[in-house]
Every structure is written in structure tokens, then in C-alpha cells.
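For reference, the structure is listed below as C-alpha cells.
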Number of protein chains: 2
Amino acid sequence: MSSISALPARVRPTQAERRARSRGALLESAARGLSRHGYSNLVLEDVAREAGYTRGALYHQFKDKEDLALAVIEWVNETWMREVGEPAAEQPEPVAELLALARGHAVFCRRDIARVVMALRMEFAGQDHPVGHETERIWEAGVKRYARLVSAGRKAGSIPPGPPARAVAMALLGALEGTVIALAGHAPHDELLAASAVAGTLGVDCSRGGKSETEAAHGRPQS
Amino acid sequence: MSSISALPARVRPTQAERRARSRGALLESAARGLSRHGYSNLVLEDVAREAGYTRGALYHQFKDKEDLALAVIEWVNETWMREVGEPAAEQPEPVAELLALARGHAVFCRRDIARVVMALRMEFAGQDHPVGHETERIWEAGVKRYARLVSAGRKAGSIPPGPPARAVAMALLGALEGTVIALAGHAPHDELLAASAVAGTLGVDCSRGGKSETEAAHGRPQS
DNA sequence: TATCATACATACATGCATGTATGTTCTGTA
DNA sequence: TACAGAACATACATGCATGTATGTATGATA
């Protein structure tokens, strides 16, 4: 009576699926651990256990702790690009794109994994370490993007003159990161206040009443 | 007539002076180390060496690593209070005090030791550790002070309505810390941009160039 | 001057996390 | 079915930082 025929016999997972599944679970667990404990405080045995494995599985998928951290960074950065960076790039105006980045980043950072890059950047600041270099590279890319937008906005007249665009860009990123970290888990105010901080740093009127991203996504204010 | 007892023969330092001198050197070295490497990455042998001593001197002055960190926190906090907190309290208007805090904190953070509290707060966030509790206590005191000022400013009409005062206060602290860390060593723009971020989060016109006290006192209807 | 306590330096012991080596179960293929 | 290799688990070895115990020199006190 055992009906084996109906579905394509998913009783045994293929090895590629096993590998991908365990790798994903380990990456997610490591991301949580990194954002909570940082790099040197991260205990690989805890990472593996929270993912449902042991350190053996971890060392089978990743060369060492550093390799794991770099993979986490790449994974988080790709997720950020897809969910925040690329959508914001569709805004026609520099100021609109900057505010979209702020709101999107705030929403993104409601998941604890988002603190990874910020935490690692602080931990390895001024150090000569591959993980530090990678986080610095991502940060520098952000600074460049923000600086380009600031310059464009000033040329268009939508952003008043002020300190050098690069300094403003660094301040923007810093204020944004600081705001969303301080407000972690305090939705929905995180989105509004992140946009306000960015607007203030830019020197533009913040237009407090702008529609929130969650609001826009759901079509109505969240309850 | 020149008596022998005129000057206390300063050829040999008294033991109290020795103790105070070495303790100060160790505290300063530890503060630098903590702001650069965090707590768990801090190597006590390096701390002692940079101060001109060995670990023996350190363990003679402080019970253990935790005791050293707590002493550093207390020392930094006292310095901050004297140089930033108390001078800003003399401002008559809430908005002026908030902006004075922002500018003063930016100047204060030009010394690398200022990152200590922020770095430790991030490292021990959500942990059950005495160092984390102490940094959290300092943070909470800051939030309370900022929230009080926000409420007072709103009652006076110089700060427009918005999210709850406590949420705004946390955002203010986060944006301020993030800005000054991102702009570490980029004087003089750090001061201006820190004030701008705070003004933006508050929702007041930041008036980039000059003193904003008079304008902020008039207040502004909600945009 | 003799003695003690303090301010340090040196030497030793411990724990903990990483990395590696080995063993076991499962999957793909002949 | 048999075998090769991947996906893991277990066991072992190493390094490194902390903390403690011990030793030494300097200032205080009689």
C-alpha cells in the first residue's frame, strides 16, 4: 500500500541539495553570530550547533574562520544590493535616491544580520586583516556612491553647498548606520528617523511626512 | 637662613606619585587599546608595554581585565562629563543644548579614546556582562537626558512633533555617534556635520552656517 | 640602619578556541 | 552489489591569553 509513485521520490536529497542546505544554514547562523558577538568572540562550535551541525560540517564547507566570515560578508552584501541598493537606484533624483537608501537600509537592518558589516568594520578598523579589508571595500563603495549623489544633487541645486562631498558622504553613512543600530527593532520609527538624519546631514528639508517603504509596499500604513 | 625644609626634595618620587603615574599611563594605554581593538581583542601585555610596564604592574593596579575596562569606562565618562556634558548644560534652550552636545561630542571624539564606550557597547550588546551593563548604563543616561530635552523643546515649540521622545533620543545618540566615528580625524567638518545630523533628526532647520539659537527659538510649524 | 610594605618584573599553570586528523554514514555510479 | 567519494561527526594537538605565584628593587618608618 505504500504509494511510492506519486511524487518524484524526494525521500533522499541529492548531495548538491545537502551541501547547499547545510551551507545556507551555516551562513545564516554565522551571520547572526557575527552581528551579535563580532568576529573574535564568535565561537564556531556555537555557530555549527545553532545550525544543527558540528564543527566538522563547518570545516568541510569553509576553509577556516576567516573564509566563513568572508562568505558571510559577501552573502549579506549581495542581499543588501538586491533589496536596497538596486531598488534605490531607480529613483530619478539624487535626493530621492539618498532618502530611498536611508529608508531601505533601515528596513533592511530590522533583521539582525544587517549589523554584520558595521560590527566587523568597527572591530577591524585600522587593522591589516582580510576581513577588515573586505568590509572597508564595501564601506568605500558606499562612500563613493553617496558622494556621487551628493555632487549630482548640488549641481542640480537640490542639495545646498557645504563640506566636501566625500566628507558629507561619510557622515551620511555614519549617521545612517548609527541611527538604525540605535533603533534596532523599533519599527516603524527607524525608517522615518533614518531619513531625517540623512536629510539633516544633507541640509535639505527632511519632509517628515514622506511615505514609508513598508507603507508603500503594502499600500497602506502598517498596523 | 635657607632652611633645608623649604622644598620637599623632589629627587625621588613618592610612592603615591609612582602609583598615580603608572595607573594613569596604564589607563590611557588601555583606553587607546579598547577603542582600537575592543575588549576581547585587547591584549594586556600590549597595554602594559605601550605604557612602559609589564603585565605585573597592571595586575598590581587592577584586579583583572574586567576591572581595568570598568576603570577606563569610568575615566572616559568623567572626562566626557567635564568637557562636554556640563558645558552644554549651561545652554538656556533645549535645542541649543542638544546642538552644543553634538558639537562638543564631535570635538571630544577627535581623540581616539572617545570611541571606547561606543565600541564596548556594540561588543557587549545583548550580553550579560558587567562591562556591557556599565556601557548600557551610560547609554541609558544619555538617552534619558536627550529625551528630556526633546520633550522640553517640543513643549516650548522649538522642536516639531514627531515620534516618541525616547525613540528620537536614541536616534539622536546613534546618529551622533555614527557621524563622529565615520568622520574620525576629519576636522573641522565633523563638528558641523554632527550638528546637522542632530538637527535633521530633531526636525529643526539646521541653519548650516551660523548660530541657530535665535532661529531655533522661534520654532517652526510642522512641514 | 634595620625592617616592612609597596611597586613592579619574571615564571608558571590553566582554560579555551582553533585547526587537523581520523572515523562513520550516506549518495552516486558501475 | 560493490566501490569511490562526499557529507558529516569525533578525537586529538597546538597556540595564545589570562590569571597566579614567586622574586626583586624601591620608598616609608622605626
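Chains: A, B, ... in order of the C-alpha cells. Residues: from 1 per chain. Ligands: from 1, in order shown.
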
### Task
Could you superimpose chain B onto chain A using every C-alpha atom, matched in order, and tell me the RMSD in Å?
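The C-alpha RMSD comes out at 6.1 Å.
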
Among chain B, which residues does DSSP mark as alpha helix (DSSP H) when it is run on the backbone? Keep the chain and numbering as in the structure and answer as a compact mmCIF listing (two decimals) with N, CA and C atoms, in the first residue's frame.
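Everything below was put into out.txt:
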```txt
# COMPACT_ATOMS: atom_id res chain seq x y z
N GLN B 15 55.74 57.21 46.70
CA GLN B 15 55.11 56.01 46.15
C GLN B 15 53.69 56.30 45.66
N ALA B 16 53.05 57.28 46.32
CA ALA B 16 51.71 57.65 45.85
C ALA B 16 51.79 58.23 44.45
N GLU B 17 52.84 59.06 44.22
CA GLU B 17 53.02 59.60 42.88
C GLU B 17 53.32 58.51 41.86
N ARG B 18 54.18 57.60 42.27
CA ARG B 18 54.50 56.47 41.38
C ARG B 18 53.22 55.74 41.00
N ARG B 19 52.43 55.44 42.01
CA ARG B 19 51.20 54.68 41.76
C ARG B 19 50.26 55.43 40.82
N ALA B 20 50.08 56.72 41.12
CA ALA B 20 49.16 57.51 40.29
C ALA B 20 49.68 57.63 38.87
N ARG B 21 50.99 57.81 38.75
CA ARG B 21 51.57 57.97 37.42
C ARG B 21 51.41 56.70 36.59
N SER B 22 51.77 55.57 37.18
CA SER B 22 51.66 54.32 36.42
C SER B 22 50.20 53.98 36.14
N ARG B 23 49.35 54.24 37.11
CA ARG B 23 47.93 53.95 36.90
C ARG B 23 47.38 54.79 35.75
N GLY B 24 47.75 56.07 35.71
CA GLY B 24 47.30 56.92 34.62
C GLY B 24 47.81 56.45 33.28
N ALA B 25 49.08 56.08 33.23
CA ALA B 25 49.64 55.61 31.97
C ALA B 25 48.95 54.34 31.51
N LEU B 26 48.68 53.44 32.45
CA LEU B 26 48.02 52.19 32.09
C LEU B 26 46.58 52.45 31.63
N LEU B 27 45.90 53.38 32.30
CA LEU B 27 44.53 53.70 31.90
C LEU B 27 44.49 54.28 30.49
N GLU B 28 45.41 55.18 30.22
CA GLU B 28 45.42 55.81 28.89
C GLU B 28 45.74 54.78 27.81
N SER B 29 46.71 53.94 28.08
CA SER B 29 47.06 52.90 27.11
C SER B 29 45.89 51.95 26.90
N ALA B 30 45.24 51.58 28.00
CA ALA B 30 44.10 50.67 27.89
C ALA B 30 42.96 51.32 27.13
N ALA B 31 42.75 52.62 27.34
CA ALA B 31 41.69 53.31 26.62
C ALA B 31 41.96 53.30 25.12
N ARG B 32 43.20 53.60 24.75
CA ARG B 32 43.55 53.51 23.33
C ARG B 32 43.32 52.11 22.80
N GLY B 33 43.80 51.14 23.54
CA GLY B 33 43.65 49.75 23.09
C GLY B 33 42.19 49.33 22.96
N LEU B 34 41.38 49.72 23.93
CA LEU B 34 39.96 49.35 23.89
C LEU B 34 39.26 49.99 22.70
N SER B 35 39.56 51.25 22.44
CA SER B 35 38.87 51.92 21.33
C SER B 35 39.35 51.37 19.99
N ARG B 36 40.53 50.81 19.96
CA ARG B 36 41.06 50.29 18.70
C ARG B 36 40.71 48.83 18.51
N HIS B 37 40.84 48.02 19.55
CA HIS B 37 40.70 46.57 19.37
C HIS B 37 39.49 46.00 20.07
N LEU B 44 46.54 42.34 27.14
CA LEU B 44 47.02 43.10 28.29
C LEU B 44 48.53 43.31 28.23
N GLU B 45 49.24 42.39 27.64
CA GLU B 45 50.69 42.58 27.53
C GLU B 45 51.00 43.79 26.64
N ASP B 46 50.24 43.96 25.57
CA ASP B 46 50.42 45.13 24.72
C ASP B 46 50.09 46.41 25.47
N VAL B 47 49.00 46.37 26.23
CA VAL B 47 48.60 47.55 27.01
C VAL B 47 49.74 47.97 27.94
N ALA B 48 50.26 46.99 28.66
CA ALA B 48 51.32 47.31 29.62
C ALA B 48 52.58 47.80 28.89
N ARG B 49 52.92 47.16 27.79
CA ARG B 49 54.14 47.55 27.08
C ARG B 49 54.03 48.98 26.55
N GLU B 50 52.88 49.31 25.97
CA GLU B 50 52.71 50.67 25.42
C GLU B 50 52.73 51.72 26.53
N ALA B 51 52.44 51.29 27.75
CA ALA B 51 52.50 52.22 28.88
C ALA B 51 53.89 52.24 29.50
N ARG B 55 52.92 43.21 32.46
CA ARG B 55 51.62 42.80 32.99
C ARG B 55 51.62 42.78 34.51
N GLY B 56 52.78 42.59 35.10
CA GLY B 56 52.85 42.59 36.55
C GLY B 56 52.33 43.88 37.15
N ALA B 57 52.74 45.01 36.57
CA ALA B 57 52.27 46.30 37.07
C ALA B 57 50.76 46.42 36.90
N LEU B 58 50.27 45.92 35.80
CA LEU B 58 48.84 46.02 35.52
C LEU B 58 48.04 45.24 36.55
N TYR B 59 48.46 44.02 36.81
CA TYR B 59 47.71 43.20 37.77
C TYR B 59 47.93 43.67 39.20
N HIS B 60 48.91 44.52 39.40
CA HIS B 60 49.06 45.09 40.73
C HIS B 60 48.08 46.25 40.95
N GLN B 61 47.75 46.96 39.88
CA GLN B 61 46.85 48.11 40.00
C GLN B 61 45.39 47.73 39.80
N LYS B 65 41.18 41.94 34.03
CA LYS B 65 40.89 42.65 32.79
C LYS B 65 39.58 43.42 32.90
N GLU B 66 38.59 42.78 33.48
CA GLU B 66 37.29 43.43 33.62
C GLU B 66 37.40 44.69 34.48
N ASP B 67 38.12 44.59 35.57
CA ASP B 67 38.28 45.75 36.44
C ASP B 67 38.98 46.89 35.70
N LEU B 68 39.96 46.55 34.91
CA LEU B 68 40.65 47.57 34.10
C LEU B 68 39.68 48.25 33.14
N ALA B 69 38.88 47.45 32.45
CA ALA B 69 37.94 48.02 31.49
C ALA B 69 36.94 48.94 32.18
N LEU B 70 36.44 48.51 33.33
CA LEU B 70 35.48 49.35 34.06
C LEU B 70 36.13 50.66 34.49
N ALA B 71 37.38 50.59 34.91
CA ALA B 71 38.07 51.82 35.30
C ALA B 71 38.24 52.75 34.11
N VAL B 72 38.54 52.19 32.95
CA VAL B 72 38.68 53.01 31.75
C VAL B 72 37.36 53.68 31.42
N ILE B 73 36.28 52.91 31.48
CA ILE B 73 34.96 53.46 31.18
C ILE B 73 34.65 54.63 32.11
N GLU B 74 34.88 54.41 33.39
CA GLU B 74 34.59 55.47 34.36
C GLU B 74 35.43 56.71 34.07
N TRP B 75 36.70 56.48 33.76
CA TRP B 75 37.60 57.60 33.49
C TRP B 75 37.15 58.38 32.25
N VAL B 76 36.83 57.67 31.18
CA VAL B 76 36.38 58.33 29.95
C VAL B 76 35.08 59.08 30.20
N ASN B 77 34.17 58.44 30.92
CA ASN B 77 32.88 59.07 31.17
C ASN B 77 33.04 60.36 31.98
N GLU B 78 33.89 60.30 32.99
CA GLU B 78 34.12 61.51 33.78
C GLU B 78 34.70 62.63 32.92
N THR B 79 35.66 62.27 32.07
CA THR B 79 36.24 63.26 31.17
C THR B 79 35.18 63.86 30.27
N TRP B 80 34.32 63.00 29.74
CA TRP B 80 33.26 63.47 28.85
C TRP B 80 32.33 64.43 29.59
N GLU B 86 28.77 68.90 31.03
CA GLU B 86 28.49 70.05 31.89
C GLU B 86 28.48 71.37 31.14
N PRO B 87 29.45 71.64 30.25
CA PRO B 87 29.36 72.90 29.49
C PRO B 87 28.07 73.02 28.69
N ALA B 88 27.62 71.92 28.10
CA ALA B 88 26.40 72.01 27.29
C ALA B 88 25.19 72.31 28.16
N PRO B 94 16.61 74.09 25.05
CA PRO B 94 16.83 72.67 24.78
C PRO B 94 17.53 72.42 23.45
N VAL B 95 17.09 73.10 22.39
CA VAL B 95 17.71 72.86 21.08
C VAL B 95 19.17 73.29 21.11
N ALA B 96 19.44 74.42 21.74
CA ALA B 96 20.83 74.87 21.83
C ALA B 96 21.68 73.87 22.60
N GLU B 97 21.11 73.31 23.66
CA GLU B 97 21.86 72.32 24.44
C GLU B 97 22.12 71.07 23.60
N LEU B 98 21.11 70.65 22.86
CA LEU B 98 21.29 69.46 22.02
C LEU B 98 22.38 69.68 20.98
N LEU B 99 22.37 70.85 20.37
CA LEU B 99 23.39 71.13 19.35
C LEU B 99 24.77 71.31 19.98
N ALA B 100 24.79 71.89 21.19
CA ALA B 100 26.08 72.01 21.89
C ALA B 100 26.64 70.64 22.23
N LEU B 101 25.75 69.73 22.63
CA LEU B 101 26.19 68.36 22.90
C LEU B 101 26.78 67.72 21.65
N ALA B 102 26.11 67.95 20.54
CA ALA B 102 26.59 67.36 19.29
C ALA B 102 27.97 67.91 18.93
N ARG B 103 28.11 69.22 18.97
CA ARG B 103 29.40 69.82 18.60
C ARG B 103 30.47 69.42 19.60
N GLY B 104 30.13 69.46 20.87
CA GLY B 104 31.12 69.10 21.87
C GLY B 104 31.54 67.65 21.76
N HIS B 105 30.60 66.78 21.50
CA HIS B 105 30.93 65.37 21.36
C HIS B 105 31.83 65.15 20.15
N ALA B 106 31.55 65.85 19.07
CA ALA B 106 32.39 65.70 17.88
C ALA B 106 33.83 66.11 18.19
N VAL B 107 33.98 67.22 18.88
CA VAL B 107 35.33 67.66 19.23
C VAL B 107 35.99 66.66 20.19
N PHE B 108 35.19 66.20 21.15
CA PHE B 108 35.71 65.24 22.12
C PHE B 108 36.20 63.97 21.44
N ARG B 115 36.06 56.64 21.43
CA ARG B 115 35.28 55.56 20.84
C ARG B 115 35.06 54.42 21.82
N VAL B 116 35.71 54.49 22.95
CA VAL B 116 35.68 53.37 23.88
C VAL B 116 34.26 52.92 24.20
N VAL B 117 33.45 53.85 24.67
CA VAL B 117 32.11 53.47 25.13
C VAL B 117 31.30 52.89 23.98
N MET B 118 31.37 53.56 22.82
CA MET B 118 30.61 53.07 21.66
C MET B 118 31.07 51.67 21.27
N ALA B 119 32.39 51.46 21.22
CA ALA B 119 32.91 50.16 20.81
C ALA B 119 32.48 49.07 21.79
N LEU B 120 32.59 49.36 23.08
CA LEU B 120 32.24 48.36 24.09
C LEU B 120 30.74 48.10 24.08
N ARG B 121 29.97 49.17 23.86
CA ARG B 121 28.53 48.97 23.83
C ARG B 121 28.13 48.05 22.70
N MET B 122 28.79 48.20 21.54
CA MET B 122 28.47 47.31 20.43
C MET B 122 28.93 45.89 20.73
N GLU B 123 30.11 45.77 21.32
CA GLU B 123 30.66 44.43 21.54
C GLU B 123 29.83 43.64 22.55
N PRO B 130 29.35 42.55 33.06
CA PRO B 130 29.47 43.83 33.80
C PRO B 130 29.89 44.98 32.93
N VAL B 131 30.82 44.77 32.02
CA VAL B 131 31.25 45.86 31.14
C VAL B 131 30.08 46.30 30.27
N GLY B 132 29.33 45.35 29.75
CA GLY B 132 28.17 45.69 28.96
C GLY B 132 27.14 46.46 29.77
N HIS B 133 26.94 46.04 30.99
CA HIS B 133 25.97 46.74 31.84
C HIS B 133 26.39 48.19 32.08
N GLU B 134 27.67 48.40 32.29
CA GLU B 134 28.14 49.74 32.56
C GLU B 134 27.97 50.64 31.33
N THR B 135 28.37 50.15 30.18
CA THR B 135 28.19 50.95 28.97
C THR B 135 26.71 51.19 28.71
N GLU B 136 25.90 50.19 28.99
CA GLU B 136 24.46 50.35 28.79
C GLU B 136 23.91 51.41 29.74
N ARG B 137 24.44 51.44 30.95
CA ARG B 137 24.00 52.43 31.92
C ARG B 137 24.32 53.85 31.44
N ILE B 138 25.53 54.02 30.91
CA ILE B 138 25.91 55.33 30.39
C ILE B 138 25.03 55.72 29.21
N TRP B 139 24.83 54.75 28.32
CA TRP B 139 23.97 54.99 27.16
C TRP B 139 22.57 55.39 27.60
N GLU B 140 22.04 54.66 28.57
CA GLU B 140 20.69 54.94 29.04
C GLU B 140 20.60 56.33 29.65
N ALA B 141 21.64 56.72 30.38
CA ALA B 141 21.63 58.08 30.94
C ALA B 141 21.59 59.12 29.83
N GLY B 142 22.35 58.87 28.76
CA GLY B 142 22.33 59.79 27.62
C GLY B 142 20.96 59.84 26.97
N VAL B 143 20.35 58.68 26.80
CA VAL B 143 19.02 58.65 26.20
C VAL B 143 18.04 59.45 27.04
N LYS B 144 18.11 59.26 28.35
CA LYS B 144 17.19 59.98 29.24
C LYS B 144 17.38 61.49 29.11
N ARG B 145 18.65 61.92 29.10
CA ARG B 145 18.92 63.36 29.00
C ARG B 145 18.41 63.90 27.68
N TYR B 146 18.69 63.19 26.58
CA TYR B 146 18.23 63.66 25.28
C TYR B 146 16.70 63.68 25.22
N ALA B 147 16.07 62.63 25.77
CA ALA B 147 14.61 62.57 25.71
C ALA B 147 13.99 63.72 26.49
N ARG B 148 14.59 64.05 27.63
CA ARG B 148 14.08 65.16 28.42
C ARG B 148 14.16 66.46 27.62
N LEU B 149 15.31 66.63 26.94
CA LEU B 149 15.48 67.84 26.15
C LEU B 149 14.51 67.90 24.99
N VAL B 150 14.28 66.76 24.36
CA VAL B 150 13.33 66.74 23.24
C VAL B 150 11.94 67.12 23.73
N SER B 151 11.54 66.52 24.84
CA SER B 151 10.21 66.85 25.37
C SER B 151 10.11 68.33 25.72
N ALA B 152 11.17 68.85 26.36
CA ALA B 152 11.14 70.26 26.72
C ALA B 152 11.09 71.14 25.48
N GLY B 153 11.85 70.80 24.46
CA GLY B 153 11.85 71.58 23.23
C GLY B 153 10.50 71.55 22.55
N ARG B 154 9.84 70.43 22.63
CA ARG B 154 8.52 70.34 22.00
C ARG B 154 7.50 71.17 22.77
N LYS B 155 7.60 71.11 24.08
CA LYS B 155 6.68 71.94 24.87
C LYS B 155 6.89 73.41 24.58
N ALA B 156 8.16 73.79 24.40
CA ALA B 156 8.48 75.19 24.11
C ALA B 156 8.18 75.55 22.67
N ALA B 165 9.51 60.75 22.21
CA ALA B 165 10.76 61.42 22.58
C ALA B 165 11.88 60.42 22.79
N ARG B 166 11.55 59.28 23.38
CA ARG B 166 12.60 58.30 23.65
C ARG B 166 13.20 57.74 22.36
N ALA B 167 12.34 57.47 21.38
CA ALA B 167 12.83 56.97 20.10
C ALA B 167 13.71 58.03 19.42
N VAL B 168 13.26 59.26 19.48
CA VAL B 168 14.05 60.34 18.88
C VAL B 168 15.39 60.46 19.60
N ALA B 169 15.36 60.33 20.92
CA ALA B 169 16.60 60.43 21.68
C ALA B 169 17.58 59.34 21.28
N MET B 170 17.11 58.13 21.15
CA MET B 170 18.00 57.04 20.74
C MET B 170 18.56 57.30 19.34
N ALA B 171 17.69 57.79 18.47
CA ALA B 171 18.15 58.10 17.11
C ALA B 171 19.20 59.20 17.13
N LEU B 172 19.00 60.20 17.98
CA LEU B 172 19.96 61.30 18.09
C LEU B 172 21.32 60.76 18.52
N LEU B 173 21.33 59.96 19.57
CA LEU B 173 22.59 59.42 20.05
C LEU B 173 23.25 58.56 18.98
N GLY B 174 22.46 57.71 18.33
CA GLY B 174 23.01 56.84 17.30
C GLY B 174 23.58 57.63 16.15
N ALA B 175 22.82 58.59 15.65
CA ALA B 175 23.29 59.38 14.53
C ALA B 175 24.56 60.16 14.90
N LEU B 176 24.57 60.67 16.11
CA LEU B 176 25.73 61.44 16.55
C LEU B 176 26.98 60.56 16.63
N GLU B 177 26.85 59.43 17.31
CA GLU B 177 27.99 58.51 17.43
C GLU B 177 28.46 58.06 16.05
N GLY B 178 27.51 57.66 15.23
CA GLY B 178 27.87 57.17 13.90
C GLY B 178 28.59 58.23 13.09
N THR B 179 28.10 59.45 13.17
CA THR B 179 28.71 60.53 12.40
C THR B 179 30.15 60.78 12.84
N VAL B 180 30.35 60.92 14.14
CA VAL B 180 31.69 61.29 14.61
C VAL B 180 32.66 60.14 14.40
N ILE B 181 32.18 58.91 14.47
CA ILE B 181 33.09 57.78 14.21
C ILE B 181 33.46 57.74 12.75
N ALA B 182 32.46 57.93 11.88
CA ALA B 182 32.75 57.89 10.45
C ALA B 182 33.69 59.02 10.05
N HIS B 189 35.12 69.37 9.65
CA HIS B 189 33.76 69.11 9.19
C HIS B 189 32.96 68.27 10.17
N ASP B 190 33.66 67.50 11.02
CA ASP B 190 32.95 66.63 11.95
C ASP B 190 31.96 67.42 12.81
N GLU B 191 32.39 68.56 13.29
CA GLU B 191 31.53 69.34 14.19
C GLU B 191 30.25 69.79 13.49
N LEU B 192 30.45 70.35 12.31
CA LEU B 192 29.31 70.87 11.55
C LEU B 192 28.34 69.75 11.18
N LEU B 193 28.89 68.64 10.70
CA LEU B 193 28.03 67.56 10.21
C LEU B 193 27.34 66.83 11.35
N ALA B 194 28.00 66.76 12.50
CA ALA B 194 27.34 66.16 13.67
C ALA B 194 26.14 67.00 14.06
N ALA B 195 26.31 68.32 14.08
CA ALA B 195 25.18 69.20 14.40
C ALA B 195 24.08 69.08 13.36
N SER B 196 24.46 68.94 12.10
CA SER B 196 23.46 68.80 11.05
C SER B 196 22.65 67.53 11.22
N ALA B 197 23.34 66.43 11.52
CA ALA B 197 22.62 65.16 11.69
C ALA B 197 21.63 65.26 12.84
N VAL B 198 22.08 65.87 13.94
CA VAL B 198 21.20 66.01 15.10
C VAL B 198 20.01 66.91 14.76
N ALA B 199 20.30 68.01 14.10
CA ALA B 199 19.22 68.92 13.73
C ALA B 199 18.22 68.23 12.82
N GLY B 200 18.71 67.45 11.87
CA GLY B 200 17.82 66.74 10.97
C GLY B 200 16.95 65.75 11.71
N THR B 201 17.54 65.00 12.61
CA THR B 201 16.76 64.03 13.38
C THR B 201 15.71 64.72 14.22
N LEU B 202 16.05 65.89 14.74
CA LEU B 202 15.09 66.65 15.53
C LEU B 202 13.97 67.22 14.66
N GLU B 213 20.69 79.47 17.48
CA GLU B 213 19.90 79.62 18.69
C GLU B 213 18.66 80.50 18.46
N THR B 214 18.88 81.66 17.89
CA THR B 214 17.75 82.58 17.73
C THR B 214 16.70 81.99 16.82
N GLU B 215 17.13 81.43 15.71
CA GLU B 215 16.16 80.89 14.77
C GLU B 215 15.42 79.69 15.37
N ALA B 216 16.19 78.84 16.06
CA ALA B 216 15.56 77.66 16.64
C ALA B 216 14.57 78.05 17.72
N ALA B 217 14.84 79.16 18.40
CA ALA B 217 13.95 79.57 19.48
C ALA B 217 12.58 79.94 18.94
N HIS B 218 12.52 80.48 17.72
CA HIS B 218 11.24 80.87 17.15
C HIS B 218 10.38 79.67 16.84
```

### Query
To one decimal place, how far is C1' of DT22 (chain C) from C1' of DA11 (chain D) in Å?
7.6 Å

### Task
Please provide as a PyMOL selection string all residues within 9 Å of DA6 (chain D), with the sequence filter that same-chain residues fewer than 2 positions apart are discarded (counting only C-alpha atoms (C1' of nucleotides)).
(chain A and resi 15) or (chain C and resi 26-27) or (chain D and resi 8)

Write to file, as a PDB file, in the first residue's frame, the residues of the selection just made, with N, CA and C atoms (P, O5', C5', C4', C3', O3' and C1' of nucleotides).
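As written to disk, again34.pdb reads:
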```pdb
ATOM      1  N   GLN A  15      23.121  15.127  -3.146  1.00  0.00           N
ATOM      2  CA  GLN A  15      24.249  15.653  -2.365  1.00  0.00           C
ATOM      3  C   GLN A  15      24.426  17.154  -2.588  1.00  0.00           C
TER       4      GLN A  15
ATOM      5  P    DC C  26      22.968   6.790   7.584  1.00  0.00           P
ATOM      6  O5'  DC C  26      23.034   7.388   6.090  1.00  0.00           O
ATOM      7  C5'  DC C  26      22.997   8.800   5.924  1.00  0.00           C
ATOM      8  C4'  DC C  26      23.595   9.178   4.583  1.00  0.00           C
ATOM      9  C3'  DC C  26      22.865   8.620   3.354  1.00  0.00           C
ATOM     10  O3'  DC C  26      22.218   9.691   2.673  1.00  0.00           O
ATOM     11  C1'  DC C  26      25.239   8.478   3.134  1.00  0.00           C
ATOM     12  P    DT C  27      21.186   9.357   1.473  1.00  0.00           P
ATOM     13  O5'  DT C  27      22.033   9.632   0.146  1.00  0.00           O
ATOM     14  C5'  DT C  27      22.688  10.887  -0.033  1.00  0.00           C
ATOM     15  C4'  DT C  27      23.614  10.847  -1.251  1.00  0.00           C
ATOM     16  C3'  DT C  27      22.966  10.340  -2.537  1.00  0.00           C
ATOM     17  O3'  DT C  27      23.244  11.220  -3.600  1.00  0.00           O
ATOM     18  C1'  DT C  27      24.978   9.168  -2.125  1.00  0.00           C
TER      19       DT C  27
ATOM     20  P    DC D   8      26.240  17.935   5.207  1.00  0.00           P
ATOM     21  O5'  DC D   8      27.437  17.906   6.254  1.00  0.00           O
ATOM     22  C5'  DC D   8      27.133  17.761   7.595  1.00  0.00           C
ATOM     23  C4'  DC D   8      27.625  16.410   8.138  1.00  0.00           C
ATOM     24  C3'  DC D   8      28.187  16.501   9.541  1.00  0.00           C
ATOM     25  O3'  DC D   8      27.156  16.377  10.491  1.00  0.00           O
ATOM     26  C1'  DC D   8      29.404  14.944   8.147  1.00  0.00           C
TER      27       DC D   8
END
```

Closest atom pairs, chain C residues within 12 Å of chain B, only C-alpha atoms (C1' of nucleotides), as a Markdown table:
```
| residue | atom | partner | partner_atom | distance |
| --- | --- | --- | --- | --- |
| C:DA5 | C1' | B:Gln15 | CA | 10.9 |
| C:DT6 | C1' | B:Gln15 | CA | 7.5 |
| C:DA7 | C1' | B:Ala57 | CA | 7.4 |
| C:DC8 | C1' | B:Ala57 | CA | 5.4 |
| C:DA9 | C1' | B:Gly56 | CA | 6.4 |
| C:DT10 | C1' | B:Gly56 | CA | 8.7 |
| C:DA11 | C1' | B:Gly56 | CA | 11.4 |
```

### Message
Set the cut-off to 8 Å and count only C-alpha atoms (C1' of nucleotides): what are the residues of chain B that reach chain D? Output as a ChimeraX atom specification.
### Response
/B:14-15,43,64

Could you save the residues just selected, with C-alpha atoms, as a short mmCIF file (atom, residue, chain, number, x, y, z; two decimals), in the first residue's frame?
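Contents of the output file selection_26.cif:
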```
data_model
loop_
_atom_site.label_atom_id
_atom_site.label_comp_id
_atom_site.auth_asym_id
_atom_site.auth_seq_id
_atom_site.Cartn_x
_atom_site.Cartn_y
_atom_site.Cartn_z
CA THR B 14 56.83 59.33 46.48
CA GLN B 15 55.11 56.01 46.15
CA VAL B 43 45.98 42.02 24.82
CA ASP B 64 41.70 41.72 36.37
#
```

### Task
Would you mind reading off the distance between CA of Ile159 (chain A) and CA of Ala187 (chain B), one decimal, in Å?
21.8 Å

### Summary
Restricting to only C-alpha atoms, whichever of B:Gly157, B:Asn41, B:Arg110, B:Arg82 is closest to chain A is B:Asn41

### Query
For the atom pair CA of Gly126 (chain B) and CA of Asp112 (chain A), what is the interatomic distance in Å to one decimal place?
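The value is 11.8 Å.
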
#### Entry: Closest of B:Leu42, B:Pro13, B:Gly52, B:Gly85 to chain A - atom-to-atom distances counting only C-alpha atoms
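Looking at the shortest contact to chain A, the residue is B:Leu42.
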